[in-house]
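Each remark here refers to the structure printed beneath this line.
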Amino acid sequence: MGHLWRSEPMQLVQLFVQIEAAHDTVDELGNLGLIQFRDLNPDVNAFQRNFVNEVKRCDEMERKLRFFEAQVQAEPSVRRLLTNVSIDAGPSSSSMTSSYASGAGGAGGQSLDELEGRLEELEKELQQMNVNQTMLNRNNNELLELRHVLTKDAVFFQEAYGGAGDARPNEGSDAPLLAGAAVDPTIGRGVKLGFITGVIARDKVPAFERVLWRATRGNLFMRQALVEEKLRDPSSGLEVEKNVFIIFYQGDRLFQKIKKICE
């Protein structure tokens, strides 16, 4: 059993190859899988070696491939699709790589340029798709928040008027609450209430309330309601629990303070 762990008989060979044929020669020797290269200059810096530009190009292409792999791993549907395709049939990745590297007529350098251009094109397309997807997710999230804001605010105002069944649409806003009561024309003059409404993360509500209370010295009325579904944060991609709030205030100075805090 000892011979199984031993190397095959090896022979040290030194090759002198022209620079123009170096790429094709090393490529053919590497495809054979029967040769091991020795570094004759182990103390030389990597940036001082020959073909450093080609090595940088290969590193850049490797970075793009890692970027593609990360994007595929981030999408479960695409990952399952690629897994099913690899299980079904098709040439192996090694055979496809070797056939592409050989190129037409053995033009390995030309194949490397084509591969580099193709990877760069795919990277730009994927980055543009990511930007578009982020914008769509942000717009969708804003529309969902707006829908919840309109729904919850409608409930707030209905509760303020005692419910939809108790509302009296035929009466004006200055009608008395009790039947037969007289209306004082001086009451309510000069009092103008405004409101600000929006959506906030549920874990930030206590701090938000404290800051508002200290900034306005309690001169506000705030109500909030829970949003049943989780909303996806466009920046982090995580689902976050949020609340809808509405703040009633009086005066432009309070409006500026509350708006600044909300922003």
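Each chain in the structure tokens gets a letter, A, B and so on, in the order shown; residues start at 1 in every chain, and ligands are counted from 1 in the order they appear.
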I need the residues of segment 36-70 of chain A that end up classed as helix (DSSP H, G or I) by DSSP on the backbone, written out as a tab-separated table (two decimals) with N, CA and C atoms, in the first residue's frame.
```
chain	number	residue	atom	x	y	z
A	46	ALA	N	5.61	40.41	-6.25
A	46	ALA	CA	4.61	40.05	-7.25
A	46	ALA	C	4.45	41.14	-8.31
A	47	PHE	N	4.66	42.41	-7.93
A	47	PHE	CA	4.50	43.51	-8.88
A	47	PHE	C	5.72	43.69	-9.77
A	48	GLN	N	6.79	42.95	-9.50
A	48	GLN	CA	7.99	43.05	-10.31
A	48	GLN	C	8.16	41.88	-11.28
A	52	VAL	N	2.70	40.72	-15.09
A	52	VAL	CA	1.95	41.21	-13.95
A	52	VAL	C	0.62	41.81	-14.39
A	53	ASN	N	0.59	42.41	-15.58
A	53	ASN	CA	-0.66	42.98	-16.07
A	53	ASN	C	-1.69	41.90	-16.35
A	54	GLU	N	-1.22	40.77	-16.92
A	54	GLU	CA	-2.15	39.67	-17.18
A	54	GLU	C	-2.68	39.09	-15.87
A	55	VAL	N	-1.81	39.03	-14.86
A	55	VAL	CA	-2.26	38.51	-13.55
A	55	VAL	C	-3.30	39.45	-12.94
A	56	LYS	N	-3.09	40.75	-13.08
A	56	LYS	CA	-4.07	41.71	-12.58
A	56	LYS	C	-5.40	41.55	-13.30
A	57	ARG	N	-5.34	41.32	-14.60
A	57	ARG	CA	-6.58	41.10	-15.35
A	57	ARG	C	-7.31	39.86	-14.87
A	58	CYS	N	-6.55	38.80	-14.60
A	58	CYS	CA	-7.17	37.57	-14.10
A	58	CYS	C	-7.78	37.78	-12.72
A	59	ASP	N	-7.10	38.55	-11.87
A	59	ASP	CA	-7.65	38.85	-10.54
A	59	ASP	C	-8.93	39.66	-10.65
A	60	GLU	N	-8.95	40.59	-11.58
A	60	GLU	CA	-10.17	41.39	-11.77
A	60	GLU	C	-11.32	40.54	-12.28
A	61	MET	N	-11.04	39.62	-13.19
A	61	MET	CA	-12.10	38.72	-13.67
A	61	MET	C	-12.56	37.78	-12.56
A	62	GLU	N	-11.64	37.36	-11.71
A	62	GLU	CA	-12.03	36.53	-10.58
A	62	GLU	C	-12.93	37.29	-9.61
A	63	ARG	N	-12.63	38.57	-9.42
A	63	ARG	CA	-13.50	39.39	-8.57
A	63	ARG	C	-14.90	39.50	-9.15
A	64	LYS	N	-15.00	39.66	-10.47
A	64	LYS	CA	-16.31	39.72	-11.10
A	64	LYS	C	-17.06	38.41	-10.97
A	65	LEU	N	-16.36	37.30	-11.07
A	65	LEU	CA	-17.01	36.00	-10.91
A	65	LEU	C	-17.51	35.82	-9.47
A	66	ARG	N	-16.75	36.28	-8.51
A	66	ARG	CA	-17.22	36.22	-7.12
A	66	ARG	C	-18.44	37.11	-6.93
A	67	PHE	N	-18.47	38.25	-7.60
A	67	PHE	CA	-19.65	39.12	-7.54
A	67	PHE	C	-20.87	38.43	-8.13
A	68	PHE	N	-20.70	37.73	-9.26
A	68	PHE	CA	-21.81	36.98	-9.85
A	68	PHE	C	-22.29	35.89	-8.91
A	69	GLU	N	-21.35	35.20	-8.29
A	69	GLU	CA	-21.72	34.12	-7.38
A	69	GLU	C	-22.49	34.65	-6.17
A	70	ALA	N	-22.07	35.80	-5.65
A	70	ALA	CA	-22.78	36.39	-4.51
A	70	ALA	C	-24.20	36.80	-4.91
```
Give me the residues near segment 223-238 of chain A as a PyMOL selection string, where near means some atom within 10 Å (using only C-alpha atoms) and where sequence neighbours in that chain fewer than 2 positions away do not count. chain A and resi 133-142+144-145+148-149+152-153+155-156+197-202+205+221+240-248
Find the residues near Ile35 of chain A: any atom within 12 Å, counting only C-alpha atoms, skip ones fewer than 5 places away on the same chain, and give them as a list in words. Glu8, Pro9, Met10, Gln11, Leu12, Val13, Gln14, Val26, Asp27, Glu28, Leu29 and Gly30 of chain A
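Take atom CA of Phe157 of chain A and atom CA of Tyr249 of chain A: the distance between them is 15.3 Å.
Interatomic distance, atom CA of His23 of chain A to atom CA of Phe37 of chain A: 14.2 Å.
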